[in-house]
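Here is my_file09.pdb, consisting of PDB, C-alpha atoms, pLDDT in the B column:
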```pdb
ATOM      1  CA  MET M 415     -62.501 145.776 143.855  1.00 44.00           C
ATOM      2  CA  GLN M 416     -60.070 142.900 143.332  1.00 48.00           C
ATOM      3  CA  SER M 417     -60.441 140.399 140.557  1.00 45.00           C
ATOM      4  CA  ALA M 418     -60.029 136.741 141.343  1.00 53.00           C
ATOM      5  CA  ALA M 419     -56.768 135.739 139.679  1.00 58.00           C
ATOM      6  CA  PHE M 420     -55.711 132.184 139.119  1.00 63.00           C
ATOM      7  CA  ASP M 421     -52.931 131.047 141.452  1.00 73.00           C
ATOM      8  CA  TRP M 422     -50.246 129.921 138.997  1.00 85.00           C
ATOM      9  CA  SER M 423     -47.882 129.013 141.836  1.00 89.00           C
ATOM     10  CA  ARG M 424     -50.120 126.088 142.843  1.00 88.00           C
ATOM     11  CA  LEU M 425     -50.105 124.834 139.266  1.00 88.00           C
ATOM     12  CA  ARG M 426     -46.297 125.116 139.133  1.00 94.00           C
ATOM     13  CA  LYS M 427     -45.972 123.271 142.456  1.00 95.00           C
ATOM     14  CA  GLY M 428     -48.315 120.576 141.159  1.00 94.00           C
ATOM     15  CA  ALA M 429     -46.204 120.169 138.029  1.00 96.00           C
ATOM     16  CA  ILE M 430     -43.056 119.850 140.150  1.00 97.00           C
ATOM     17  CA  VAL M 431     -44.684 117.313 142.484  1.00 96.00           C
ATOM     18  CA  MET M 432     -45.978 115.253 139.571  1.00 97.00           C
ATOM     19  CA  ALA M 433     -42.580 115.381 137.832  1.00 98.00           C
ATOM     20  CA  ILE M 434     -41.029 113.976 141.031  1.00 98.00           C
ATOM     21  CA  VAL M 435     -43.743 111.307 141.301  1.00 97.00           C
ATOM     22  CA  LEU M 436     -43.165 110.288 137.686  1.00 98.00           C
ATOM     23  CA  ALA M 437     -39.390 110.247 138.145  1.00 98.00           C
ATOM     24  CA  GLY M 438     -39.952 107.879 141.064  1.00 98.00           C
ATOM     25  CA  LEU M 439     -42.192 105.619 138.987  1.00 98.00           C
ATOM     26  CA  TRP M 440     -39.630 105.530 136.162  1.00 98.00           C
ATOM     27  CA  LEU M 441     -36.898 104.694 138.682  1.00 98.00           C
ATOM     28  CA  ILE M 442     -39.035 101.875 140.116  1.00 98.00           C
ATOM     29  CA  GLU M 443     -39.645 100.512 136.602  1.00 98.00           C
ATOM     30  CA  GLY M 444     -35.902 100.679 135.922  1.00 98.00           C
ATOM     31  CA  ILE M 445     -35.179  98.674 139.076  1.00 98.00           C
ATOM     32  CA  ASP M 446     -37.978  96.275 138.167  1.00 98.00           C
ATOM     33  CA  THR M 447     -36.542  95.759 134.678  1.00 97.00           C
ATOM     34  CA  ILE M 448     -33.026  95.152 136.023  1.00 97.00           C
ATOM     35  CA  SER M 449     -34.449  92.636 138.532  1.00 97.00           C
ATOM     36  CA  ASN M 450     -36.217  90.736 135.730  1.00 97.00           C
ATOM     37  CA  HIS M 451     -39.595  92.137 136.873  1.00 96.00           C
ATOM     38  CA  ALA M 452     -39.319  90.722 140.393  1.00 96.00           C
ATOM     39  CA  LEU M 453     -41.080  93.784 141.829  1.00 97.00           C
ATOM     40  CA  ASP M 454     -44.185  93.061 139.771  1.00 95.00           C
ATOM     41  CA  LEU M 455     -44.857  90.145 142.104  1.00 94.00           C
ATOM     42  CA  LEU M 456     -45.823  92.768 144.709  1.00 96.00           C
ATOM     43  CA  GLY M 457     -48.947  93.544 142.648  1.00 96.00           C
ATOM     44  CA  ILE M 458     -52.496  92.522 143.474  1.00 96.00           C
ATOM     45  CA  ARG M 459     -53.081  88.784 143.506  1.00 95.00           C
ATOM     46  CA  PRO M 460     -56.890  88.433 143.511  1.00 95.00           C
ATOM     47  CA  TRP M 461     -58.556  86.379 146.203  1.00 93.00           C
ATOM     48  CA  ASP M 462     -55.221  85.635 147.874  1.00 91.00           C
ATOM     49  CA  LEU M 463     -54.972  87.125 151.367  1.00 92.00           C
ATOM     50  CA  VAL M 464     -51.227  87.538 150.854  1.00 84.00           C
ATOM     51  CA  GLY M 465     -52.082  89.470 147.671  1.00 81.00           C
ATOM     52  CA  LEU M 466     -53.953  92.140 149.620  1.00 91.00           C
ATOM     53  CA  ASP M 467     -50.719  94.071 150.189  1.00 93.00           C
ATOM     54  CA  GLY M 468     -50.650  94.493 146.423  1.00 95.00           C
ATOM     55  CA  ILE M 469     -53.348  97.141 146.877  1.00 96.00           C
ATOM     56  CA  ILE M 470     -50.601  99.373 148.270  1.00 96.00           C
ATOM     57  CA  PHE M 471     -47.906  98.511 145.719  1.00 97.00           C
ATOM     58  CA  ALA M 472     -49.779  97.902 142.433  1.00 97.00           C
ATOM     59  CA  PRO M 473     -50.084 101.575 141.322  1.00 97.00           C
ATOM     60  CA  LEU M 474     -46.314 101.967 141.701  1.00 97.00           C
ATOM     61  CA  LEU M 475     -45.564  99.044 139.362  1.00 97.00           C
ATOM     62  CA  HIS M 476     -45.909  98.671 135.600  1.00 97.00           C
ATOM     63  CA  ALA M 477     -45.511  95.744 133.214  1.00 95.00           C
ATOM     64  CA  SER M 478     -43.048  97.630 131.008  1.00 96.00           C
ATOM     65  CA  PHE M 479     -41.705 101.058 130.139  1.00 97.00           C
ATOM     66  CA  ALA M 480     -44.406 101.241 127.427  1.00 96.00           C
ATOM     67  CA  HIS M 481     -47.092 100.621 130.061  1.00 95.00           C
ATOM     68  CA  LEU M 482     -45.609 103.340 132.267  1.00 97.00           C
ATOM     69  CA  ALA M 483     -45.279 105.731 129.313  1.00 97.00           C
ATOM     70  CA  ALA M 484     -48.985 105.246 128.524  1.00 93.00           C
ATOM     71  CA  ASN M 485     -49.846 106.251 132.100  1.00 95.00           C
ATOM     72  CA  SER M 486     -47.316 109.078 132.412  1.00 97.00           C
ATOM     73  CA  VAL M 487     -49.081 111.837 130.461  1.00 95.00           C
ATOM     74  CA  PRO M 488     -52.474 111.448 132.170  1.00 94.00           C
ATOM     75  CA  LEU M 489     -50.754 111.098 135.558  1.00 96.00           C
ATOM     76  CA  PHE M 490     -48.856 114.324 134.989  1.00 97.00           C
ATOM     77  CA  VAL M 491     -51.732 116.356 133.503  1.00 94.00           C
ATOM     78  CA  LEU M 492     -54.490 115.210 135.847  1.00 94.00           C
ATOM     79  CA  GLY M 493     -52.269 115.135 138.936  1.00 96.00           C
ATOM     80  CA  THR M 494     -51.053 118.664 138.255  1.00 95.00           C
ATOM     81  CA  ALA M 495     -54.604 119.957 137.747  1.00 91.00           C
ATOM     82  CA  LEU M 496     -55.759 118.234 140.900  1.00 94.00           C
ATOM     83  CA  TRP M 497     -52.808 119.536 142.927  1.00 94.00           C
ATOM     84  CA  ALA M 498     -53.696 123.074 141.818  1.00 90.00           C
ATOM     85  CA  SER M 499     -57.069 122.521 143.535  1.00 88.00           C
ATOM     86  CA  GLY M 500     -55.322 121.945 146.833  1.00 89.00           C
ATOM     87  CA  LEU M 501     -53.226 119.413 148.699  1.00 93.00           C
ATOM     88  CA  ARG M 502     -56.212 118.058 150.639  1.00 94.00           C
ATOM     89  CA  GLN M 503     -58.192 117.389 147.460  1.00 93.00           C
ATOM     90  CA  TRP M 504     -55.173 115.744 145.825  1.00 95.00           C
ATOM     91  CA  ILE M 505     -54.644 113.463 148.823  1.00 96.00           C
ATOM     92  CA  VAL M 506     -58.323 112.515 149.222  1.00 96.00           C
ATOM     93  CA  ALA M 507     -58.822 111.801 145.502  1.00 97.00           C
ATOM     94  CA  THR M 508     -55.533 109.891 145.238  1.00 97.00           C
ATOM     95  CA  VAL M 509     -55.956 107.732 148.338  1.00 97.00           C
ATOM     96  CA  THR M 510     -59.634 107.001 147.680  1.00 97.00           C
ATOM     97  CA  GLY M 511     -59.065 106.074 144.022  1.00 97.00           C
ATOM     98  CA  TRP M 512     -55.958 104.057 144.926  1.00 97.00           C
ATOM     99  CA  ILE M 513     -57.711 101.986 147.613  1.00 97.00           C
ATOM    100  CA  THR M 514     -61.043 101.432 145.834  1.00 97.00           C
ATOM    101  CA  SER M 515     -59.215 100.512 142.630  1.00 97.00           C
ATOM    102  CA  GLY M 516     -57.172  97.930 144.498  1.00 97.00           C
ATOM    103  CA  ILE M 517     -60.094  96.506 146.439  1.00 97.00           C
ATOM    104  CA  LEU M 518     -62.284  96.044 143.351  1.00 97.00           C
ATOM    105  CA  ALA M 519     -59.351  94.609 141.401  1.00 96.00           C
ATOM    106  CA  TRP M 520     -58.738  92.146 144.244  1.00 96.00           C
ATOM    107  CA  LEU M 521     -62.431  91.204 144.463  1.00 96.00           C
ATOM    108  CA  LEU M 522     -63.423  91.097 140.776  1.00 95.00           C
ATOM    109  CA  THR M 523     -60.324  89.876 138.928  1.00 93.00           C
ATOM    110  CA  PRO M 524     -60.153  86.125 138.285  1.00 92.00           C
ATOM    111  CA  ILE M 525     -57.745  84.090 140.393  1.00 91.00           C
ATOM    112  CA  HIS M 526     -54.203  83.610 139.049  1.00 89.00           C
ATOM    113  CA  TYR M 527     -53.984  87.082 137.520  1.00 92.00           C
ATOM    114  CA  LEU M 528     -51.590  89.793 138.652  1.00 94.00           C
ATOM    115  CA  VAL M 529     -52.838  93.397 138.615  1.00 95.00           C
ATOM    116  CA  ILE M 530     -50.341  96.284 138.400  1.00 96.00           C
ATOM    117  CA  GLY M 531     -50.347  99.846 137.114  1.00 95.00           C
ATOM    118  CA  ALA M 532     -51.460 103.361 138.026  1.00 96.00           C
ATOM    119  CA  SER M 533     -54.480 103.508 135.746  1.00 94.00           C
ATOM    120  CA  GLY M 534     -56.895 102.957 138.633  1.00 95.00           C
ATOM    121  CA  VAL M 535     -55.595 106.175 140.203  1.00 97.00           C
ATOM    122  CA  ILE M 536     -55.960 107.907 136.822  1.00 94.00           C
ATOM    123  CA  PHE M 537     -59.579 106.780 136.548  1.00 93.00           C
ATOM    124  CA  GLY M 538     -60.165 108.054 140.076  1.00 95.00           C
ATOM    125  CA  TRP M 539     -58.736 111.457 139.191  1.00 94.00           C
ATOM    126  CA  ILE M 540     -60.800 111.670 135.991  1.00 92.00           C
ATOM    127  CA  THR M 541     -64.105 110.936 137.711  1.00 91.00           C
ATOM    128  CA  TYR M 542     -63.208 113.127 140.697  1.00 94.00           C
ATOM    129  CA  LEU M 543     -62.511 116.154 138.502  1.00 91.00           C
ATOM    130  CA  ILE M 544     -65.677 115.630 136.438  1.00 90.00           C
ATOM    131  CA  VAL M 545     -68.046 114.916 139.332  1.00 92.00           C
ATOM    132  CA  ARG M 546     -66.601 117.604 141.604  1.00 90.00           C
ATOM    133  CA  GLY M 547     -67.608 120.232 139.047  1.00 86.00           C
ATOM    134  CA  PHE M 548     -71.229 119.162 139.221  1.00 86.00           C
ATOM    135  CA  LEU M 549     -71.296 118.790 142.996  1.00 88.00           C
ATOM    136  CA  SER M 550     -69.520 122.042 143.859  1.00 81.00           C
ATOM    137  CA  ARG M 551     -71.424 124.146 141.308  1.00 84.00           C
ATOM    138  CA  ARG M 552     -68.385 126.432 141.149  1.00 83.00           C
ATOM    139  CA  TRP M 553     -67.536 127.657 137.661  1.00 81.00           C
ATOM    140  CA  PRO M 554     -63.803 126.882 137.773  1.00 79.00           C
ATOM    141  CA  HIS M 555     -64.575 123.293 138.847  1.00 80.00           C
ATOM    142  CA  ILE M 556     -67.321 122.915 136.229  1.00 86.00           C
ATOM    143  CA  ILE M 557     -65.067 124.202 133.458  1.00 84.00           C
ATOM    144  CA  LEU M 558     -62.181 121.943 134.526  1.00 76.00           C
ATOM    145  CA  GLY M 559     -64.587 118.995 134.765  1.00 80.00           C
ATOM    146  CA  LEU M 560     -65.843 119.661 131.243  1.00 82.00           C
ATOM    147  CA  VAL M 561     -62.294 119.957 129.899  1.00 81.00           C
ATOM    148  CA  VAL M 562     -61.368 116.654 131.592  1.00 80.00           C
ATOM    149  CA  ALA M 563     -64.560 115.008 130.279  1.00 79.00           C
ATOM    150  CA  PHE M 564     -63.756 116.217 126.761  1.00 82.00           C
ATOM    151  CA  ALA M 565     -60.079 115.195 126.921  1.00 75.00           C
ATOM    152  CA  TYR M 566     -60.393 111.921 128.834  1.00 74.00           C
ATOM    153  CA  GLY M 567     -64.087 111.006 128.749  1.00 73.00           C
ATOM    154  CA  SER M 568     -63.661 108.242 126.175  1.00 71.00           C
ATOM    155  CA  VAL M 569     -61.036 106.648 128.427  1.00 75.00           C
ATOM    156  CA  LEU M 570     -63.838 105.927 130.893  1.00 74.00           C
ATOM    157  CA  LEU M 571     -64.995 103.136 128.582  1.00 74.00           C
ATOM    158  CA  GLY M 572     -62.077 101.260 130.176  1.00 72.00           C
ATOM    159  CA  VAL M 573     -64.379 100.403 133.099  1.00 75.00           C
ATOM    160  CA  PHE M 574     -65.912  97.758 130.815  1.00 75.00           C
ATOM    161  CA  PRO M 575     -64.257  94.417 129.968  1.00 79.00           C
ATOM    162  CA  MET M 576     -63.123  95.189 126.422  1.00 73.00           C
ATOM    163  CA  SER M 577     -59.398  94.358 126.246  1.00 74.00           C
ATOM    164  CA  THR M 578     -57.559  91.254 127.379  1.00 74.00           C
ATOM    165  CA  GLY M 579     -54.779  92.022 129.824  1.00 75.00           C
ATOM    166  CA  VAL M 580     -56.309  95.351 130.917  1.00 82.00           C
ATOM    167  CA  SER M 581     -57.774  95.529 134.415  1.00 85.00           C
ATOM    168  CA  TRP M 582     -61.235  96.937 133.849  1.00 89.00           C
ATOM    169  CA  GLN M 583     -61.834  95.928 137.481  1.00 91.00           C
ATOM    170  CA  GLY M 584     -59.144  98.338 138.684  1.00 92.00           C
ATOM    171  CA  HIS M 585     -60.412 101.042 136.329  1.00 92.00           C
ATOM    172  CA  LEU M 586     -63.953 100.610 137.645  1.00 93.00           C
ATOM    173  CA  GLY M 587     -62.699 100.714 141.236  1.00 94.00           C
ATOM    174  CA  GLY M 588     -60.726 103.881 140.578  1.00 95.00           C
ATOM    175  CA  ALA M 589     -63.738 105.534 138.927  1.00 93.00           C
ATOM    176  CA  VAL M 590     -65.941 104.611 141.896  1.00 96.00           C
ATOM    177  CA  GLY M 591     -63.263 106.004 144.226  1.00 97.00           C
ATOM    178  CA  GLY M 592     -63.132 109.282 142.312  1.00 95.00           C
ATOM    179  CA  ILE M 593     -66.893 109.702 142.587  1.00 95.00           C
ATOM    180  CA  LEU M 594     -66.736 108.873 146.301  1.00 96.00           C
ATOM    181  CA  ALA M 595     -63.896 111.357 146.826  1.00 95.00           C
ATOM    182  CA  ALA M 596     -65.820 114.113 145.027  1.00 94.00           C
ATOM    183  CA  TRP M 597     -68.864 113.381 147.166  1.00 93.00           C
ATOM    184  CA  LEU M 598     -66.736 113.488 150.340  1.00 86.00           C
TER
END
```
Hey, can you dump this file as structure tokens for me?
Amino acid sequence: MQSAAFDWSRLRKGAIVMAIVLAGLWLIEGIDTISNHALDLLGIRPWDLVGLDGIIFAPLLHASFAHLAANSVPLFVLGTALWASGLRQWIVATVTGWITSGILAWLLTPIHYLVIGASGVIFGWITYLIVRGFLSRRWPHIILGLVVAFAYGSVLLGVFPMSTGVSWQGHLGGAVGGILAAWL
């Protein structure tokens, strides 16, 4: 009788992938800083049809190195955990959270704002990992979901308009995307 052992190689691969993703984001922020934040203009411009392409670019852009640093730890931790679940799950949760975050930010943010940052993807990953545990009814998923809820649950309050300059709309969209991805 074989015991089910955890596949540490998937976790290592996830950590490597997320380190590369983060290196790319830090490189983009470096280029953005050198260009006097010209890249930020590729973010989401609500209710502007030209601003729709920002849905694709916004999660790659950050207002500053401090903004990127604030997103880096949850991106690394949650992305690595999600990658360990499988490439398909990582892709579905990432793409769904990315797109729904952008769409809701575009629809719900007041005109003349610019929305950038990866936090919508983070919110998608948080809700995906929590909800997947309940939907799958598999112990490893439930335990991971509980750990994520304990570690990041209070962050989910960011779906409410509490702080000026923080896109609760993008957070809400990412959270909705994570739930949708878990359901899918």
Hits of the PyMOL selection byres ((chain M and resi 479) around 10) in this structure, as a list of chain:residue names = M:Leu439, M:Trp440, M:Glu443, M:Gly444, M:Thr447, M:His476, M:Ala477, M:Ser478, M:Ala480, M:His481, M:Leu482, M:Ala483, M:Ala484, M:Asn485
Residues in the PyMOL selection byres ((chain M and resi 459-471) around 9), expressed as an mmCIF file with C-alpha atoms, keeping the file's coordinate frame:
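Now in out37.cif:
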```cif
data_model
loop_
_atom_site.group_PDB
_atom_site.id
_atom_site.type_symbol
_atom_site.label_atom_id
_atom_site.label_comp_id
_atom_site.auth_asym_id
_atom_site.auth_seq_id
_atom_site.Cartn_x
_atom_site.Cartn_y
_atom_site.Cartn_z
ATOM 1 C CA ASP M 454 -44.185 93.061 139.771
ATOM 2 C CA LEU M 455 -44.857 90.145 142.104
ATOM 3 C CA LEU M 456 -45.823 92.768 144.709
ATOM 4 C CA GLY M 457 -48.947 93.544 142.648
ATOM 5 C CA ILE M 458 -52.496 92.522 143.474
ATOM 6 C CA ALA M 472 -49.779 97.902 142.433
ATOM 7 C CA PRO M 473 -50.084 101.575 141.322
ATOM 8 C CA LEU M 474 -46.314 101.967 141.701
ATOM 9 C CA LEU M 475 -45.564 99.044 139.362
ATOM 10 C CA TRP M 512 -55.958 104.057 144.926
ATOM 11 C CA ILE M 513 -57.711 101.986 147.613
ATOM 12 C CA THR M 514 -61.043 101.432 145.834
ATOM 13 C CA SER M 515 -59.215 100.512 142.630
ATOM 14 C CA GLY M 516 -57.172 97.930 144.498
ATOM 15 C CA ILE M 517 -60.094 96.506 146.439
ATOM 16 C CA ALA M 519 -59.351 94.609 141.401
ATOM 17 C CA TRP M 520 -58.738 92.146 144.244
ATOM 18 C CA LEU M 521 -62.431 91.204 144.463
ATOM 19 C CA LEU M 522 -63.423 91.097 140.776
ATOM 20 C CA THR M 523 -60.324 89.876 138.928
ATOM 21 C CA PRO M 524 -60.153 86.125 138.285
ATOM 22 C CA ILE M 525 -57.745 84.090 140.393
ATOM 23 C CA HIS M 526 -54.203 83.610 139.049
ATOM 24 C CA TYR M 527 -53.984 87.082 137.520
ATOM 25 C CA LEU M 528 -51.590 89.793 138.652
ATOM 26 C CA VAL M 529 -52.838 93.397 138.615
ATOM 27 C CA ILE M 530 -50.341 96.284 138.400
#
```
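Using all atoms listed in the file for every distance, the candidate list M:Ser577, M:Leu441, M:Leu489, M:Arg546 yields M:Arg546 as the residue closest to Gln503 of chain M.
Picked by the PyMOL selection byres ((chain M and resi 549) around 12) from the coordinates shown: Thr541, Tyr542, Leu543, Ile544, Val545, Arg546, Gly547, Phe548, Ser550, Arg551, Arg552, Trp553, His555, Ile556, Gly559, Ile593, Leu594, Ala595, Ala596, Trp597 and Leu598 of chain M.
One distance worth recording is that between atom CA of Gly572 of chain M and atom CA of Val487 of chain M, which is 16.8 Å.
Taking all atoms listed in the file into account, Gly531 of chain M lies nearest to M:Gly579 out of the set M:Gly592, M:Gly428, M:Gly493, M:Gly579.
Using only C-alpha atoms, the shortest contact distance between Trp539 of chain M and any of M:Pro488, M:Gly500, M:Pro575, M:Pro554 is found at M:Pro488.
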From the list M:Ala589, M:Val491, M:Ile505, M:Val569, the nearest residue to Phe537 of chain M using all atoms listed in the file is M:Ala589
Contacts of Ala429 of chain M at 12 Å (all atoms listed in the file; same-chain gap of 6+ positions) as a CSV table (one decimal) with C-alpha atoms, in the coordinates of the input:
```
chain,number,residue,atom,x,y,z
M,422,TRP,CA,-50.2,129.9,139.0
M,423,SER,CA,-47.9,129.0,141.8
M,435,VAL,CA,-43.7,111.3,141.3
M,436,LEU,CA,-43.2,110.3,137.7
M,487,VAL,CA,-49.1,111.8,130.5
M,489,LEU,CA,-50.8,111.1,135.6
M,490,PHE,CA,-48.9,114.3,135.0
M,491,VAL,CA,-51.7,116.4,133.5
M,492,LEU,CA,-54.5,115.2,135.8
M,493,GLY,CA,-52.3,115.1,138.9
M,494,THR,CA,-51.1,118.7,138.3
M,495,ALA,CA,-54.6,120.0,137.7
M,496,LEU,CA,-55.8,118.2,140.9
M,497,TRP,CA,-52.8,119.5,142.9
M,498,ALA,CA,-53.7,123.1,141.8
```
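Between atom CA of Thr508 of chain M and atom CA of Leu425 of chain M lies a distance of 17.0 Å.
When atom CA of Asp446 of chain M is paired with atom CA of Val573 of chain M, their separation reads 27.2 Å.
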Select, from M:Thr578, M:Ser499, M:Gln583, M:Ser486, the residue with the minimum atom-to-atom distance to Ile536 of chain M, counting only C-alpha atoms.
-> M:Ser486
If you take every atom of segment 511-530 of chain M that the file lists and fit an axis-aligned box around them with 3 Å extra on each side, what centre and edge lengths come out in Å to one decimal, as lines of an AutoDock Vina configuration file?
```
center_x = -56.9
center_y = 94.8
center_z = 142.6
size_x = 19.1
size_y = 28.5
size_z = 16.1
```
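Minimum atom-to-atom distance to Gly534 of chain M, evaluated using all atoms listed in the file, belongs to M:Val509 out of M:Ala433, M:Ile442, M:Val509, M:Ile448.
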